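Peer 1: Enclosed is the structure file model.cif (mmCIF, C-alpha atoms).
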```cif
data_query
loop_
_atom_site.label_atom_id
_atom_site.label_comp_id
_atom_site.auth_asym_id
_atom_site.auth_seq_id
_atom_site.Cartn_x
_atom_site.Cartn_y
_atom_site.Cartn_z
CA MET A 1 135.03 114.79 114.44
CA LEU A 2 133.02 117.00 116.70
CA SER A 3 134.36 120.31 115.51
CA LEU A 4 133.07 120.64 111.97
CA SER A 5 132.75 123.89 110.13
CA PRO A 6 129.37 124.54 108.45
CA ARG A 7 130.85 123.68 105.07
CA GLN A 8 132.35 120.44 106.34
CA LEU A 9 129.04 119.51 107.90
CA ALA A 10 127.24 120.36 104.65
CA THR A 11 129.73 118.14 102.81
CA GLN A 12 129.15 115.20 105.13
CA VAL A 13 125.38 115.53 104.87
CA LEU A 14 125.69 115.86 101.11
CA ASN A 15 127.74 112.67 100.85
CA PHE A 16 125.03 110.76 102.65
CA ALA A 17 122.25 112.36 100.61
CA LEU A 18 124.09 111.57 97.38
CA VAL A 19 124.31 107.88 98.28
CA LEU A 20 120.56 107.72 98.82
CA SER A 21 119.58 109.89 95.85
CA THR A 22 121.90 108.03 93.48
CA ALA A 23 120.35 104.71 94.50
CA PHE A 24 116.89 106.19 93.94
CA MET A 25 117.79 107.69 90.57
CA LEU A 26 119.40 104.43 89.37
CA TRP A 27 116.16 102.69 90.26
CA LYS A 28 114.16 105.32 88.37
CA GLY A 29 116.50 105.05 85.39
CA LEU A 30 115.93 101.32 85.34
CA SER A 31 112.19 101.96 85.57
CA ILE A 32 112.34 104.18 82.52
CA ALA A 33 114.52 101.75 80.57
CA SER A 34 112.27 98.79 81.29
CA ASN A 35 109.06 100.86 81.20
CA SER A 36 108.03 99.25 84.46
CA PRO A 37 107.16 101.08 87.68
CA SER A 38 108.97 98.38 89.61
CA PRO A 39 111.71 96.79 87.47
CA ILE A 40 113.05 94.57 90.25
CA VAL A 41 110.79 92.56 92.54
CA VAL A 42 111.33 89.99 95.23
CA VAL A 43 109.33 86.75 95.25
CA LEU A 44 107.32 86.67 98.46
CA SER A 45 105.48 83.36 98.21
CA GLY A 46 106.22 79.79 97.21
CA SER A 47 103.42 79.67 94.64
CA MET A 48 105.87 79.52 91.72
CA GLU A 49 108.07 76.74 93.06
CA PRO A 50 110.12 75.06 91.76
CA ALA A 51 110.75 77.87 89.23
CA PHE A 52 111.08 80.67 91.75
CA ALA A 53 111.41 80.42 95.52
CA ARG A 54 110.80 82.94 98.27
CA GLY A 55 113.56 85.53 98.26
CA ASP A 56 114.47 85.30 94.58
CA LEU A 57 115.17 88.61 92.92
CA LEU A 58 113.40 89.05 89.56
CA PHE A 59 114.22 91.50 86.79
CA LEU A 60 111.26 92.72 84.77
CA TRP A 61 110.88 94.08 81.27
CA ASN A 62 107.72 95.79 80.18
CA ARG A 63 108.35 96.67 76.53
CA GLY A 64 106.73 94.62 73.79
CA LEU A 65 103.32 94.02 75.25
CA ASP A 66 102.49 90.88 73.25
CA THR A 67 102.88 88.47 76.13
CA GLN A 68 102.85 84.78 75.20
CA ILE A 69 101.56 81.74 77.06
CA GLY A 70 104.25 80.34 79.33
CA GLU A 71 105.80 83.71 80.20
CA VAL A 72 106.03 84.59 83.84
CA VAL A 73 104.52 88.01 84.55
CA VAL A 74 104.22 90.23 87.58
CA TYR A 75 100.88 91.93 88.07
CA ASN A 76 99.13 94.16 90.55
CA VAL A 77 95.55 93.52 91.53
CA LYS A 78 93.46 96.67 91.82
CA GLY A 79 92.95 97.51 95.45
CA LYS A 80 95.85 95.35 96.65
CA ASP A 81 99.37 96.64 96.61
CA ILE A 82 101.32 93.39 96.65
CA PRO A 83 102.63 92.37 93.23
CA ILE A 84 102.06 88.73 92.27
CA VAL A 85 104.44 86.64 90.17
CA HIS A 86 102.59 83.98 88.13
CA ARG A 87 102.70 82.23 84.77
CA VAL A 88 100.42 83.05 81.83
CA VAL A 89 98.26 80.02 80.99
CA ARG A 90 95.72 81.57 78.60
CA ARG A 91 95.55 84.65 76.45
CA PHE A 92 92.60 86.28 74.76
CA GLY A 93 92.25 89.15 72.39
CA GLY A 94 95.35 90.99 71.31
CA GLY A 95 95.81 93.02 68.16
CA SER A 96 93.04 95.58 67.94
CA THR A 97 91.30 94.39 71.10
CA PRO A 98 93.12 94.67 74.44
CA LEU A 99 95.17 91.61 75.28
CA ARG A 100 93.83 89.76 78.30
CA LEU A 101 95.64 87.10 80.25
CA LEU A 102 94.81 84.34 82.68
CA THR A 103 97.58 83.43 85.09
CA LYS A 104 98.30 80.59 87.51
CA GLY A 105 101.02 79.84 90.01
CA ASP A 106 103.02 76.73 89.06
CA ASN A 107 102.67 75.44 92.58
CA ASN A 108 98.97 76.30 92.93
CA ALA A 109 96.14 73.86 92.22
CA ALA A 110 93.82 76.43 90.66
CA ASP A 111 94.25 79.45 88.38
CA ASP A 112 94.24 83.00 89.69
CA THR A 113 90.60 83.99 89.16
CA GLU A 114 90.18 83.88 92.92
CA LEU A 115 93.04 86.32 93.40
CA TYR A 116 91.79 88.92 90.94
CA ALA A 117 89.64 91.85 92.00
CA ARG A 118 85.92 91.27 92.50
CA GLY A 119 84.20 90.77 89.16
CA GLN A 120 87.49 90.47 87.28
CA ASP A 121 88.13 87.26 85.36
CA PHE A 122 91.23 88.25 83.42
CA LEU A 123 94.21 90.53 83.64
CA ASN A 124 94.40 93.42 81.26
CA ARG A 125 97.95 93.19 79.89
CA LYS A 126 98.38 96.91 79.57
CA GLU A 127 96.82 98.03 82.83
CA ASP A 128 97.48 95.29 85.34
CA VAL A 129 100.80 93.71 84.35
CA ILE A 130 103.98 95.56 85.36
CA GLY A 131 106.40 93.36 83.45
CA SER A 132 107.59 89.96 82.29
CA VAL A 133 110.39 88.20 84.13
CA VAL A 134 113.58 88.29 82.06
CA GLY A 135 116.17 87.34 84.66
CA PHE A 136 116.56 86.37 88.26
CA VAL A 137 119.09 86.06 91.07
CA PRO A 138 118.24 83.40 93.61
CA PHE A 139 117.93 84.17 97.31
CA VAL A 140 119.51 87.66 97.52
CA GLY A 141 116.08 89.26 97.87
CA TYR A 142 115.70 87.56 101.21
CA VAL A 143 117.24 90.64 102.81
CA THR A 144 114.23 92.73 101.81
CA ILE A 145 111.85 90.06 103.12
CA LEU A 146 113.62 90.27 106.47
CA LEU A 147 113.52 94.07 106.32
CA SER A 148 109.79 94.16 105.64
CA GLU A 149 109.01 91.51 108.24
CA TYR A 150 111.11 93.19 110.90
CA PRO A 151 110.69 96.94 110.28
CA TRP A 152 113.08 97.91 113.07
CA LEU A 153 115.89 96.36 111.01
CA LYS A 154 115.21 99.00 108.36
CA GLN A 155 115.56 101.86 110.83
CA ALA A 156 118.63 100.29 112.38
CA MET A 157 120.27 99.90 108.97
CA LEU A 158 119.45 103.44 107.88
CA GLY A 159 120.70 104.84 111.17
CA LEU A 160 123.92 102.84 110.97
CA MET A 161 124.52 104.03 107.42
CA GLY A 162 123.97 107.63 108.45
CA VAL A 163 126.31 107.40 111.41
CA MET A 164 129.02 105.76 109.33
CA VAL A 165 128.87 108.33 106.56
CA VAL A 166 128.95 111.23 109.00
CA LEU A 167 131.78 109.83 111.09
CA GLN A 168 133.93 108.61 108.25
CA ARG A 169 135.96 111.24 106.51
CA GLU A 170 138.46 109.74 104.13
CA MET B 1 140.06 123.64 117.56
CA SER B 2 141.81 120.60 116.12
CA ALA B 3 144.89 121.47 118.06
CA THR B 4 143.29 120.36 121.28
CA THR B 5 141.83 117.12 119.96
CA LYS B 6 143.75 113.91 120.41
CA ILE B 7 143.83 111.69 117.36
CA ALA B 8 144.94 108.14 116.69
CA VAL B 9 148.41 108.41 115.20
CA GLN B 10 147.90 105.10 113.40
CA SER B 11 145.16 106.66 111.30
CA LEU B 12 146.56 108.36 108.25
CA ALA B 13 143.13 109.89 107.53
CA ASP B 14 143.07 111.47 110.99
CA LEU B 15 146.58 112.83 110.60
CA LYS B 16 145.79 114.32 107.23
CA ASN B 17 142.36 115.71 108.14
CA THR B 18 143.64 117.35 111.31
CA THR B 19 146.50 118.92 109.41
CA ASP B 20 144.18 119.97 106.58
CA ASP B 21 141.98 121.70 109.15
CA ALA B 22 144.89 123.38 110.88
CA LEU B 23 146.36 124.85 107.74
CA PRO B 24 143.52 127.31 106.99
CA ASN B 25 143.54 128.41 110.64
CA TYR B 26 147.19 129.33 110.33
CA LEU B 27 146.90 131.07 106.98
CA THR B 28 143.87 133.12 108.01
CA SER B 29 145.73 134.10 111.18
CA ILE B 30 148.45 135.65 109.03
CA LYS B 31 145.85 137.68 107.13
CA PHE B 32 145.09 135.48 104.17
CA GLN B 33 141.48 136.11 103.17
CA ARG B 34 140.04 132.65 102.61
CA SER B 35 137.97 132.01 99.49
CA HIS B 36 135.40 129.19 99.56
CA ARG B 37 134.70 129.28 95.83
CA LEU B 38 135.73 125.67 95.10
CA ILE B 39 133.75 123.98 97.83
CA ASP B 40 130.75 126.26 97.30
CA VAL B 41 130.50 125.25 93.65
CA ARG B 42 130.77 121.59 94.66
CA LEU B 43 128.08 121.97 97.32
CA ALA B 44 125.81 123.80 94.88
CA LEU B 45 126.15 121.06 92.26
CA GLY B 46 125.63 118.31 94.81
CA TYR B 47 122.65 119.85 96.56
CA THR B 48 120.95 120.73 93.26
CA ALA B 49 121.17 117.06 92.30
CA VAL B 50 119.88 115.92 95.67
CA ILE B 51 116.98 118.39 95.60
CA LEU B 52 116.06 117.22 92.10
CA ALA B 53 116.02 113.60 93.26
CA GLY B 54 114.02 114.58 96.33
CA GLY B 55 111.50 116.43 94.18
CA LEU B 56 111.06 113.44 91.90
CA PHE B 57 110.69 111.17 94.91
CA TYR B 58 107.98 113.39 96.37
CA PHE B 59 106.11 113.76 93.08
CA ASP B 60 106.25 110.02 92.44
CA TRP B 61 105.09 109.22 95.94
CA LYS B 62 102.25 111.75 95.74
CA HIS B 63 100.98 111.16 92.21
CA GLY B 64 102.19 107.69 91.23
CA TRP B 65 104.16 106.23 88.36
CA GLU B 66 101.82 107.06 85.49
CA ALA B 67 101.73 110.76 86.34
CA SER B 68 105.45 111.09 87.02
CA LYS B 69 106.58 109.02 84.01
CA PRO B 70 107.02 111.93 81.56
CA TYR B 71 109.25 113.77 84.04
CA THR B 72 111.23 110.80 85.27
CA GLY B 73 113.40 110.34 82.17
CA PRO B 74 114.58 113.97 81.94
CA ALA B 75 115.02 114.16 85.72
CA VAL B 76 117.23 111.05 85.72
CA ALA B 77 119.29 112.44 82.84
CA VAL B 78 119.77 115.82 84.53
CA TYR B 79 120.58 114.14 87.84
CA PHE B 80 123.38 112.07 86.38
CA ALA B 81 124.68 115.06 84.41
CA LEU B 82 124.88 117.03 87.68
CA ASN B 83 126.50 114.06 89.33
CA ALA B 84 129.10 113.89 86.58
CA ALA B 85 129.77 117.62 86.92
CA PHE B 86 130.10 117.14 90.68
CA SER B 87 132.67 114.36 90.26
CA TYR B 88 134.51 116.29 87.57
CA TRP B 89 134.71 119.33 89.82
CA MET B 90 135.92 117.30 92.75
CA TRP B 91 138.57 115.24 90.92
CA MET B 92 139.64 117.54 88.10
CA VAL B 93 139.22 121.05 89.51
CA GLU B 94 139.54 120.78 93.28
CA LYS B 95 142.02 117.88 93.23
CA GLY B 96 142.26 117.87 97.00
CA SER B 97 142.38 121.65 97.43
CA ILE B 98 142.33 122.56 101.10
CA PHE B 99 142.89 126.28 100.92
CA GLU B 100 142.46 129.16 98.54
CA GLY B 101 143.15 132.61 99.78
CA GLU B 102 144.30 136.09 99.02
CA ARG B 103 146.42 138.66 100.75
CA THR B 104 147.97 141.97 99.79
CA THR B 105 151.17 140.11 98.88
CA GLY B 106 149.48 137.64 96.56
CA LYS B 107 147.18 134.69 96.10
CA VAL B 108 147.77 131.18 97.38
CA GLY B 109 146.20 127.83 96.48
CA ILE B 110 147.08 124.64 98.32
CA LEU B 111 146.40 120.99 97.47
CA SER B 112 147.14 118.24 99.94
CA THR B 113 147.61 114.51 99.43
CA SER B 114 148.90 111.56 101.33
CA LYS B 115 149.82 108.10 100.13
CA LYS B 116 148.74 104.81 101.60
CA TYR B 117 151.20 103.39 104.16
CA ASP B 118 153.32 106.55 103.93
CA PRO B 119 153.00 108.92 106.90
CA THR B 120 154.09 111.91 104.85
CA TYR B 121 152.12 115.06 104.14
CA TYR B 122 152.40 116.25 100.55
CA LEU B 123 151.45 119.77 99.60
CA THR B 124 151.36 121.52 96.28
CA VAL B 125 151.45 125.23 96.93
CA THR B 126 150.80 127.71 94.14
CA PHE B 127 151.59 131.29 94.96
CA THR B 128 150.66 134.09 92.61
CA ASP B 129 152.08 137.50 93.34
CA PRO B 130 150.18 140.68 92.38
CA SER B 131 152.11 140.97 89.10
CA GLY B 132 150.70 137.59 88.07
CA LYS B 133 153.89 135.58 88.44
CA THR B 134 153.12 132.12 89.75
CA ASP B 135 155.39 129.96 91.80
CA THR B 136 154.34 126.34 92.28
CA ARG B 137 156.23 124.08 94.59
CA ASP B 138 155.71 120.59 95.98
CA ILE B 139 156.73 120.21 99.57
CA SER B 140 156.41 117.29 101.93
CA ALA B 141 157.18 116.44 105.52
CA PRO B 142 156.50 113.53 107.85
CA PHE B 143 153.44 114.02 110.02
CA SER B 144 155.61 113.28 113.04
CA ARG B 145 157.07 116.74 112.62
CA TRP B 146 153.95 118.35 114.06
CA PHE B 147 152.20 115.51 115.84
CA THR B 148 153.34 114.31 119.22
CA SER B 149 153.65 110.56 119.62
CA ASP B 150 150.41 110.47 121.61
CA GLY B 151 148.47 112.19 118.88
CA TYR B 152 148.34 115.90 119.66
CA PHE B 153 148.83 118.46 116.94
CA VAL B 154 151.47 121.07 117.69
CA ALA B 155 151.04 124.22 115.64
CA LYS B 156 154.50 125.78 115.91
CA PRO B 157 156.61 123.27 113.94
CA PHE B 158 153.88 123.05 111.33
CA GLN B 159 153.81 126.80 110.86
CA GLN B 160 157.59 126.92 110.74
CA TRP B 161 157.65 124.20 108.12
CA LEU B 162 155.19 126.12 105.91
CA ALA B 163 156.76 129.52 106.42
CA SER B 164 160.28 128.21 105.75
CA ASN B 165 159.41 126.25 102.62
CA VAL B 166 156.97 128.54 100.87
CA PRO B 167 158.38 132.02 100.25
CA GLY B 168 154.90 133.48 99.82
CA ILE B 169 153.89 132.31 103.27
CA GLY B 170 157.26 133.11 104.77
CA ALA B 171 156.96 136.69 103.55
CA ALA B 172 153.65 136.98 105.37
CA ASP B 173 155.00 135.43 108.55
CA PRO B 174 158.77 136.05 108.73
CA GLN B 175 158.95 135.16 112.41
CA ASN B 176 158.27 131.52 111.67
CA ILE B 177 161.08 131.09 109.17
CA VAL B 178 163.69 128.72 110.53
CA GLU B 179 166.80 127.48 108.84
CA GLU B 180 167.12 123.80 108.18
CA ILE B 181 169.87 122.58 110.48
CA GLY B 182 169.21 118.91 110.21
CA ARG B 183 167.36 118.78 113.46
CA GLY B 184 164.96 116.21 112.03
CA SER B 185 167.65 113.75 111.00
CA ALA B 186 169.49 114.17 114.31
CA ALA B 187 166.32 113.29 116.16
CA GLU B 188 165.83 110.22 114.00
CA GLU B 189 169.31 109.01 114.80
CA THR B 190 168.68 109.18 118.51
CA GLY B 191 165.45 107.35 117.96
CA GLY B 192 167.33 104.55 116.23
CA VAL B 193 169.38 103.59 119.29
CA SER B 194 167.76 100.64 121.00
CA VAL B 195 167.02 100.57 124.68
CA GLU B 196 169.40 97.63 125.05
CA ASP B 197 172.23 99.64 123.55
CA MET B 198 171.56 102.48 125.93
CA LEU B 199 171.37 100.19 128.94
CA ARG B 200 174.55 98.40 128.00
CA VAL B 201 176.36 101.68 127.50
CA ALA B 202 175.10 102.95 130.81
CA GLY B 203 175.92 99.72 132.63
CA VAL B 204 179.39 99.25 131.25
CA THR B 205 180.26 102.89 131.74
CA GLY B 206 179.25 102.44 135.35
CA VAL B 207 181.86 99.67 135.80
CA ALA B 208 184.79 100.97 133.78
CA GLY B 209 184.97 104.12 131.72
CA ALA B 210 187.48 102.86 129.11
CA THR B 211 185.61 99.67 128.22
CA GLY B 212 182.40 101.64 128.21
CA ALA B 213 183.64 103.95 125.51
CA LYS B 214 184.61 100.96 123.35
CA THR B 215 181.21 99.35 123.72
CA LYS B 216 179.56 102.61 122.85
CA ALA B 217 181.51 102.90 119.63
CA GLY B 218 180.69 99.30 118.74
CA GLY B 219 177.06 99.87 119.45
CA SER B 220 176.67 102.84 117.20
CA GLY B 221 178.56 101.03 114.43
CA ARG B 222 176.11 98.15 114.58
CA LYS B 223 173.29 100.60 114.38
CA ARG B 224 174.62 102.17 111.23
CA LYS B 225 174.81 98.81 109.49
CA GLY B 226 171.20 98.11 110.39
#
```
Would you write out, as structure tokens, the structure that this file holds?

Peer 2:
Amino acid sequence: MLSLSPRQLATQVLNFALVLSTAFMLWKGLSIASNSPSPIVVVLSGSMEPAFARGDLLFLWNRGLDTQIGEVVVYNVKGKDIPIVHRVVRRFGGGSTPLRLLTKGDNNAADDTELYARGQDFLNRKEDVIGSVVGFVPFVGYVTILLSEYPWLKQAMLGLMGVMVVLQRE
Amino acid sequence: MSATTKIAVQSLADLKNTTDDALPNYLTSIKFQRSHRLIDVRLALGYTAVILAGGLFYFDWKHGWEASKPYTGPAVAVYFALNAAFSYWMWMVEKGSIFEGERTTGKVGILSTSKKYDPTYYLTVTFTDPSGKTDTRDISAPFSRWFTSDGYFVAKPFQQWLASNVPGIGAADPQNIVEEIGRGSAAEETGGVSVEDMLRVAGVTGVAGATGAKTKAGGSGRKRKG
């Protein structure tokens, strides 16, 4: 379709933009519902094996902040932007004092004190943790690992999507 | 524009889209003033939603989750409300409208549809004359009526079909009104004769006229049964 009127072109562009914006808004809706900035994460390391393997897709919930020992949480370390999925092995405080957590990967020999920011010995439940794992889908997240390890795949996919939406007119 | 483009005749979407594009060209050529109200409302709804999502994306990217949190909930709600309005408009109001227009003789609104595996063009034409009397009629015709077998759109038979079947359009373009004389069905009948039949008829006629006539009769009888 090379001969498109301005309105037809605007419609095609809109269709593509709606696909992207709807995906984004669904994600944001899920963020609001779960109160987590990142309600779905992909496991990037094998440190939680055999519970979770690389590529597993995890669903997070961040309401009810009284996290118990044994729960698997996802946290961000200040200054690093990669979320870490590990299990809570100790908790301190809670109630009137802020709840603090110590975490450890099931597959790691030592706890996470080494991973935390300099001078930090515990996670602050409210500030550092972005959610507890409430569900998972094995392996499907591997796509995003591939996409982040080979960035050109991302561009290729986006380009392909764009071309398809513009060319297709059902 | 579409008239010169070759399309794949196997593609129902191509057939329909090309015809949908040709119809406004014809109607504007016979002095119908096209109105873009329906599609403009749809575009406005859609782009408002997209701009809202884009704004949230930018704000979130610039200021982070904690800062954008209070706005995210309402923005998501408004976005999906706009999206619902967009879908409602498209499926319940537009319903496949391809043309809305006005002329001194009246107003016309046209919806087009096609069904899967059925190479027929269905139109619902609503014509409102200046006194407010509406005349709605459903008309349909096979796409083969205005597409050549190699995929070129031919305007004349299409215009004749519209002008002859919709009085409101016919009144605006009397020259294109043709009477139905069963040309379509006659053409189909010729198309039904197989090459073998034709060859046999030709061959036998070449040898002996009398036998040839018999074979010809037999051939067409077989065809009717099939």

Peer 1: Would you kindly return, as a list in words, each protein, DNA or RNA residue with an atom no farther than 10 Å from any atom of stretch 175-177 of chain B, considering all atoms listed in the file and excluding same-chain residues fewer than 6 positions away?

Peer 2: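 The residues satisfying every condition are Lys156, Pro157, Phe158, Gln159, Gln160, Trp161, Leu162, Ala163, Ser164, Asn165, Val166, Pro167 and Ile169 of chain B.
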
Peer 1: Quick one: residues within 8 Å of A:Ala10, only C-alpha atoms, excluding same-chain residues fewer than 4 positions away - as a list in words?

Peer 2: Pro6 and Leu14 of chain A; Leu43 of chain B

Peer 1: Which residues match the PyMOL selection byres ((chain B) within 10 of (chain A)) in the file above, as a JSON list (two decimals) with C-alpha atoms, in the coordinates of the input?

Peer 2:
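So part.json came out as:
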```json
[["chain", "number", "residue", "atom", "x", "y", "z"],
["B", 1, "MET", "CA", 140.06, 123.64, 117.56],
["B", 2, "SER", "CA", 141.81, 120.60, 116.12],
["B", 5, "THR", "CA", 141.83, 117.12, 119.96],
["B", 7, "ILE", "CA", 143.83, 111.69, 117.36],
["B", 12, "LEU", "CA", 146.56, 108.36, 108.25],
["B", 13, "ALA", "CA", 143.13, 109.89, 107.53],
["B", 14, "ASP", "CA", 143.07, 111.47, 110.99],
["B", 16, "LYS", "CA", 145.79, 114.32, 107.23],
["B", 17, "ASN", "CA", 142.36, 115.71, 108.14],
["B", 18, "THR", "CA", 143.64, 117.35, 111.31],
["B", 21, "ASP", "CA", 141.98, 121.70, 109.15],
["B", 36, "HIS", "CA", 135.40, 129.19, 99.56],
["B", 39, "ILE", "CA", 133.75, 123.98, 97.83],
["B", 40, "ASP", "CA", 130.75, 126.26, 97.30],
["B", 42, "ARG", "CA", 130.77, 121.59, 94.66],
["B", 43, "LEU", "CA", 128.08, 121.97, 97.32],
["B", 46, "GLY", "CA", 125.63, 118.31, 94.81],
["B", 47, "TYR", "CA", 122.65, 119.85, 96.56],
["B", 49, "ALA", "CA", 121.17, 117.06, 92.30],
["B", 50, "VAL", "CA", 119.88, 115.92, 95.67],
["B", 51, "ILE", "CA", 116.98, 118.39, 95.60],
["B", 52, "LEU", "CA", 116.06, 117.22, 92.10],
["B", 53, "ALA", "CA", 116.02, 113.60, 93.26],
["B", 54, "GLY", "CA", 114.02, 114.58, 96.33],
["B", 56, "LEU", "CA", 111.06, 113.44, 91.90],
["B", 57, "PHE", "CA", 110.69, 111.17, 94.91],
["B", 64, "GLY", "CA", 102.19, 107.69, 91.23],
["B", 65, "TRP", "CA", 104.16, 106.23, 88.36],
["B", 66, "GLU", "CA", 101.82, 107.06, 85.49],
["B", 69, "LYS", "CA", 106.58, 109.02, 84.01],
["B", 70, "PRO", "CA", 107.02, 111.93, 81.56],
["B", 72, "THR", "CA", 111.23, 110.80, 85.27],
["B", 73, "GLY", "CA", 113.40, 110.34, 82.17],
["B", 74, "PRO", "CA", 114.58, 113.97, 81.94],
["B", 75, "ALA", "CA", 115.02, 114.16, 85.72],
["B", 76, "VAL", "CA", 117.23, 111.05, 85.72],
["B", 77, "ALA", "CA", 119.29, 112.44, 82.84],
["B", 79, "TYR", "CA", 120.58, 114.14, 87.84],
["B", 80, "PHE", "CA", 123.38, 112.07, 86.38],
["B", 83, "ASN", "CA", 126.50, 114.06, 89.33]]
```

Peer 1: Looking at all atoms listed in the file, which of A:Phe122, A:Tyr116, A:Trp61, A:Tyr142 is the one that sits closest to A:Leu101?

Peer 2: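 Ranked by minimum distance to A:Leu101, first place goes to A:Phe122.
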
Peer 1: Do you have the atom CA of A:Asp128-atom CA of A:Gly64 distance handy?

Peer 2: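 A separation of 14.8 Å between them.
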
Peer 1: Which residues are near stretch 113-128 of chain B? Cut-off 12 Å, only C-alpha atoms, ignore same chain within fewer than 3 positions. Put them as number ranges by chain.

Peer 2: A: 170; B: 9-20, 23, 94-110, 131-147, 158, 161-163, 165-171

Peer 1: Can you tell me how far atom CA of A:Phe92 sits from atom CA of A:Arg118, in Å to one decimal?

Peer 2: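 Computing the Euclidean distance for atom CA of A:Phe92 and atom CA of A:Arg118 yields 19.6 Å.
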
Peer 1: Name the residues within 8 Å of (105.0, 82.4, 92.0), counting all atoms listed in the file in the file's coordinates, and put them as a ChimeraX atom specification.

Peer 2: /A:43,45-49,51-53,84-87,105-107

Peer 1: Suppose you want the space between atom CA of A:Ser34 and atom CA of A:Phe59; what is it in Å?

Peer 2: 9.3 Å

Peer 1: Written as a list of chain:residue names, which residues does the PyMOL selection byres ((chain A and resi 68-70) around 12) give for the file shown?

Peer 2: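 Applied to this file, the PyMOL selection byres ((chain A and resi 68-70) around 12) returns A:Gly64, A:Leu65, A:Asp66, A:Thr67, A:Glu71, A:Val72, A:Val73, A:His86, A:Arg87, A:Val88, A:Val89, A:Arg90, A:Arg91, A:Phe92, A:Gly93, A:Gly94, A:Leu99, A:Arg100, A:Leu101, A:Leu102, A:Thr103, A:Lys104, A:Gly105, A:Asp106, A:Arg125, A:Ser132, A:Val133.
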
Peer 1: Evaluate the PyMOL selection byres ((chain A and resi 55) around 8) and record the selected residues as a list in words, following the chain and residue labels used in the document.

Peer 2: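 Evaluating the PyMOL selection byres ((chain A and resi 55) around 8) on this file yields Val42, Val43, Leu44, Ala53, Arg54, Asp56, Leu57, Pro138, Phe139, Val140, Gly141, Tyr142, Val143 and Ile145 of chain A.
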
Peer 1: Using only C-alpha atoms, find the one residue out of A:Asn62, A:Leu9, A:Pro98, A:Phe16 that sits nearest to A:Val134.

Peer 2: A:Asn62

Peer 1: Which residue out of B:Ala22, B:Ala67, B:Leu45, B:Val178 has the minimum interatomic distance to B:Ser87 when all atoms listed in the file are used?

Peer 2: B:Leu45
